[in-house]
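Engineer: Contents of my_file-v9.cif (mmCIF, C-alpha atoms):
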data_start
#
loop_
_atom_site.label_atom_id
_atom_site.label_comp_id
_atom_site.auth_asym_id
_atom_site.auth_seq_id
_atom_site.Cartn_x
_atom_site.Cartn_y
_atom_site.Cartn_z
CA MET A 49 -8.05 12.64 -0.59
CA GLU A 50 -9.60 10.79 -3.49
CA PHE A 51 -11.09 7.32 -3.36
CA ILE A 52 -9.38 5.77 -6.39
CA ALA A 53 -9.13 2.06 -7.05
CA ALA A 54 -5.67 0.80 -7.94
CA ASP A 55 -5.16 -1.09 -11.17
CA VAL A 56 -4.82 -4.48 -9.46
CA GLU A 57 -3.64 -6.16 -12.66
CA ALA A 58 -0.81 -3.62 -12.98
CA LEU A 59 0.12 -4.23 -9.33
CA ARG A 60 -0.03 -7.98 -9.96
CA ALA A 61 2.44 -7.60 -12.86
CA LEU A 62 5.15 -6.78 -10.31
CA PRO A 63 6.34 -10.04 -8.66
CA ALA A 64 7.05 -8.18 -5.39
CA ASN A 65 3.28 -7.70 -4.95
CA ALA A 66 2.21 -11.32 -5.54
CA GLU A 67 2.06 -12.49 -1.93
CA VAL A 68 0.44 -9.38 -0.53
CA LEU A 69 -2.27 -9.30 -3.22
CA ALA A 70 -2.99 -13.00 -2.70
CA ALA A 71 -3.36 -12.38 1.05
CA LEU A 72 -5.67 -9.40 0.47
CA GLU A 73 -7.81 -11.53 -1.83
CA ARG A 74 -8.00 -14.31 0.78
CA ASP A 75 -8.93 -11.75 3.46
CA ALA A 76 -11.62 -10.17 1.28
CA GLY A 77 -13.60 -13.41 0.97
CA PRO A 78 -15.97 -14.47 -1.79
CA ASP A 79 -18.73 -11.92 -1.09
CA ALA A 80 -16.57 -8.81 -0.68
CA GLY A 81 -16.45 -7.72 -4.31
CA GLY A 82 -18.86 -7.42 -7.15
CA ARG A 83 -20.34 -4.01 -6.38
CA ALA A 84 -19.68 -1.27 -8.89
CA GLY A 85 -20.02 2.44 -8.16
CA GLY A 86 -22.08 3.44 -5.17
CA PRO A 87 -21.06 5.25 -2.00
CA PRO A 88 -17.42 6.10 -1.26
CA TRP A 89 -16.93 3.05 0.95
CA ILE A 90 -17.28 0.86 -2.15
CA VAL A 91 -14.17 1.35 -4.28
CA GLY A 92 -13.17 -0.80 -7.23
CA GLY A 93 -16.08 -3.12 -6.46
CA PHE A 94 -14.99 -3.83 -2.87
CA VAL A 95 -16.41 -2.60 0.42
CA ILE A 96 -13.82 -0.64 2.41
CA ASP A 97 -14.08 -1.89 5.99
CA THR A 98 -11.02 -0.02 7.27
CA HIS A 99 -11.88 2.65 9.85
CA PRO A 100 -12.16 6.11 8.25
CA ASP A 101 -9.44 7.53 10.54
CA LEU A 102 -7.06 4.82 9.35
CA VAL A 103 -7.98 5.51 5.73
CA ILE A 104 -6.95 9.13 6.33
CA ARG A 105 -3.74 8.01 8.09
CA THR A 106 -2.87 5.75 5.14
CA SER A 107 -3.41 8.71 2.81
CA GLN A 108 -1.17 10.88 5.01
CA LEU A 109 1.56 8.22 4.95
CA ALA A 110 1.41 8.08 1.15
CA GLU A 111 1.74 11.86 0.92
CA ALA A 112 4.59 11.97 3.44
CA ALA A 113 6.44 9.26 1.49
CA GLY A 114 5.85 10.79 -1.94
CA ALA A 115 3.91 7.67 -2.90
CA SER A 116 0.43 6.99 -4.30
CA PHE A 117 -2.66 6.43 -2.17
CA ARG A 118 -5.10 3.93 -3.66
CA PHE A 119 -7.55 1.21 -2.72
CA ALA A 120 -7.02 -2.42 -3.67
CA ILE A 121 -9.26 -5.34 -2.86
CA GLY A 122 -11.06 -3.46 -0.09
CA ARG A 123 -8.03 -1.88 1.61
CA PRO A 124 -6.35 1.53 1.51
CA ILE A 125 -2.79 1.06 0.26
CA VAL A 126 0.41 3.01 -0.30
CA VAL A 127 2.17 2.32 -3.60
CA ALA A 128 5.80 3.35 -4.07
CA THR A 129 6.88 4.97 -7.33
CA ASP A 130 8.35 1.61 -8.44
CA GLY A 131 4.90 -0.02 -8.15
CA ARG A 132 5.48 -1.96 -4.91
CA ILE A 133 2.73 -1.94 -2.32
CA VAL A 134 4.53 -0.72 0.82
CA ALA A 135 1.71 -0.15 3.34
CA ILE A 136 -1.88 -1.21 3.98
CA GLY A 137 -4.43 0.19 6.41
CA ILE A 138 -6.03 -2.69 8.33
CA GLY A 139 -9.01 -2.49 10.66
CA VAL A 140 -8.96 0.41 13.11
CA PHE A 141 -5.44 0.97 14.47
CA ASP A 142 -2.99 -1.14 12.50
CA MET A 143 -0.92 -0.79 9.39
CA ALA A 144 0.82 -3.55 7.53
CA ILE A 145 4.19 -2.17 6.47
CA ARG A 146 6.72 -3.63 4.03
CA CYS A 147 9.70 -2.82 6.23
CA ALA A 148 13.09 -1.90 4.86
CA THR A 149 14.31 -2.37 8.45
CA PRO A 150 12.39 -4.85 10.63
CA PRO A 151 10.71 -3.27 13.68
CA GLY A 152 12.60 -3.49 16.94
CA PRO A 153 15.58 -1.69 18.47
CA ALA A 154 17.22 -1.29 15.06
CA ALA A 155 14.07 0.48 13.82
CA GLU A 156 13.88 3.11 16.52
CA GLY A 157 12.14 0.86 19.03
CA VAL A 158 8.97 0.39 16.95
CA ALA A 159 7.07 -2.65 18.14
CA GLY A 160 5.68 -4.87 15.46
CA ILE A 161 4.25 -8.27 14.69
CA ARG A 162 5.65 -10.19 11.75
CA ARG A 163 3.07 -10.74 9.00
CA PRO A 164 4.70 -13.30 6.68
CA ARG A 165 1.43 -14.08 4.89
CA TYR A 166 1.93 -10.75 3.05
CA GLY A 167 5.56 -11.58 2.28
CA PRO A 168 8.85 -11.99 4.13
CA ASP A 169 9.37 -8.32 4.98
CA TRP A 170 5.86 -7.37 6.18
CA TRP A 171 5.06 -6.32 9.75
CA ILE A 172 1.97 -5.06 11.56
CA VAL A 173 2.63 -1.80 13.41
CA ALA A 174 0.47 0.78 15.19
CA ALA A 175 -0.66 3.61 12.93
CA TRP A 176 -0.48 5.93 15.92
CA ASP A 177 2.12 5.43 18.65
CA PRO A 178 1.22 7.29 21.86
CA ASP A 179 4.84 7.08 23.02
CA VAL A 180 6.11 9.09 20.04
CA PRO A 181 5.57 12.84 19.60
CA ARG A 182 2.87 13.49 16.99
CA ALA A 183 5.26 15.32 14.63
CA GLU A 184 7.57 12.27 14.53
CA GLN A 185 4.95 9.58 13.89
CA LEU A 186 4.57 9.82 10.10
CA PRO A 187 8.30 10.36 9.40
CA ARG A 188 8.98 7.29 11.52
CA LEU A 189 6.58 5.16 9.43
CA VAL A 190 8.15 6.53 6.24
CA ARG A 191 11.59 5.48 7.50
CA LEU A 192 10.29 1.98 8.24
CA ILE A 193 9.23 1.50 4.63
CA GLY A 194 12.54 2.95 3.45
CA LEU A 195 11.21 5.78 1.30
CA PRO A 196 12.46 9.36 1.47
CA SER A 197 10.22 11.58 3.58
CA HIS A 198 8.35 14.37 1.78
CA ALA A 199 6.70 15.64 4.96
#
Produce structure tokens that represent the structure in this file.
Structural biologist:
Amino acid sequence: MEFIAADVEALRALPANAEVLAALERDAGPDAGGRAGGPPWIVGGFVIDTHPDLVIRTSQLAEAAGASFRFAIGRPIVVATDGRIVAIGIGVFDMAIRCATPPGPAAEGVAGIRRPRYGPDWWIVAAWDPDVPRAEQLPRLVRLIGLPSHA
């Protein structure tokens, strides 16, 4: 797993990323950026405050979905091949997912909380679901974002 900053301007060029990038910038606050180089928890000038286990989980999701793992504005993200941000590691246990199918009974019973500040199709879901067998957890997240599984 490499700690590589995303090209935020390239992500911003895709209208589908506008709301989520604006929300990440609001969340980062005025003092979050401005540091260049340094230890691995500073990437692209922003301090990564996501728990290391969740950073790894976000990386695993990217790999399982055949997508890119990057950091943008202080968060680990998953970027689909079309340039859309489709997942973000947040805090310790949660992922923000751009859902192809909203969580609930139609999405295999995954519980979620709507996160419209990132855009209309974003939900907060658990990165690890203790009620789901370990081998099914990543494929389930991949299905939520609507990408083909490469796991």
Engineer: Here's the selection I'm unsure about, the PyMOL selection byres ((chain A and resi 114) around 12); applied to the file above, which residues does it give, as number ranges by chain?
Structural biologist: A: 107-113, 115-117, 126-130, 134, 187, 190, 193-199
Engineer: Do you know which residues the PyMOL selection byres ((chain A and resi 53) around 7) returns on this file, as a list in words?
Structural biologist: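 So the PyMOL selection byres ((chain A and resi 53) around 7) ends up selecting Phe51, Ile52, Ala54, Asp55, Val91, Gly92, Arg118, Phe119 and Ala120 of chain A.
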Engineer: Quick one: which residues end up in the PyMOL selection byres ((chain A and resi 168) around 12) for this structure, as a list in words?
Structural biologist: Ala64, Asn65, Ala66, Glu67, Val68, Ile145, Arg146, Cys147, Ala148, Thr149, Pro150, Arg162, Arg163, Pro164, Arg165, Tyr166, Gly167, Asp169, Trp170 and Trp171 of chain A
Engineer: One number please: atom CA of A:Ala183 to atom CA of A:Phe141, in Å, one decimal.
Structural biologist: 17.9 Å
Engineer: Closest to A:Leu59 among A:Arg132, A:Arg191, A:Val180, A:Ala144, using all atoms listed in the file?
Structural biologist: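 Checking each candidate against A:Leu59, we get A:Arg132 as the closest.
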Engineer: Give me, please, the distance in Å between atom CA of A:Ile136 and atom CA of A:Thr106, quoted to one decimal.
Structural biologist: 7.1 Å
Engineer: Edge lengths and centre in Å to one decimal, as JSON, is what I'm after for the box along x, y and z that holds all listed atoms of stretch 62-79 of chain A once 5 Å is added on each side.
Structural biologist:
{"center_x": -5.8, "center_y": -10.6, "center_z": -3.4, "size_x": 35.8, "size_y": 17.7, "size_z": 23.8}
Engineer: Go ahead and find all residues with at least one atom no further than 6 Å from (-5.7, 3.2, 6.9) in the file's coordinates, using all atoms listed in the file; report them as a list of chain:residue names.
Structural biologist: A:Leu102, A:Val103, A:Arg105, A:Thr106, A:Pro124, A:Gly137
Engineer: When you count all atoms listed in the file, which of these residues is closest to A:Ala174: A:Val95, A:Val56, A:Leu189, A:Ala70?
Structural biologist: A:Leu189
Engineer: From the options A:Asp142, A:Glu50, A:Asp179, A:Glu184, which residue's atoms come nearest to A:His99, counting all atoms listed in the file?
Structural biologist: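 Once distances to A:His99 are computed over all atoms listed in the file, the minimum belongs to A:Asp142.
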Engineer: Quick one: pull the distance between atom CA of A:Ala61 and atom CA of A:Ile172, Å, one decimal.
Structural biologist: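 Value for the atom CA of A:Ala61-atom CA of A:Ile172 distance: 24.6 Å.
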Engineer: Measuring between all atoms listed in the file, which one of A:Met143, A:Val173, A:Ile121, A:Ile104 shows the shortest distance to A:Glu73?
Structural biologist: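 Using all atoms listed in the file, A:Glu73 sits closest to A:Ile121.
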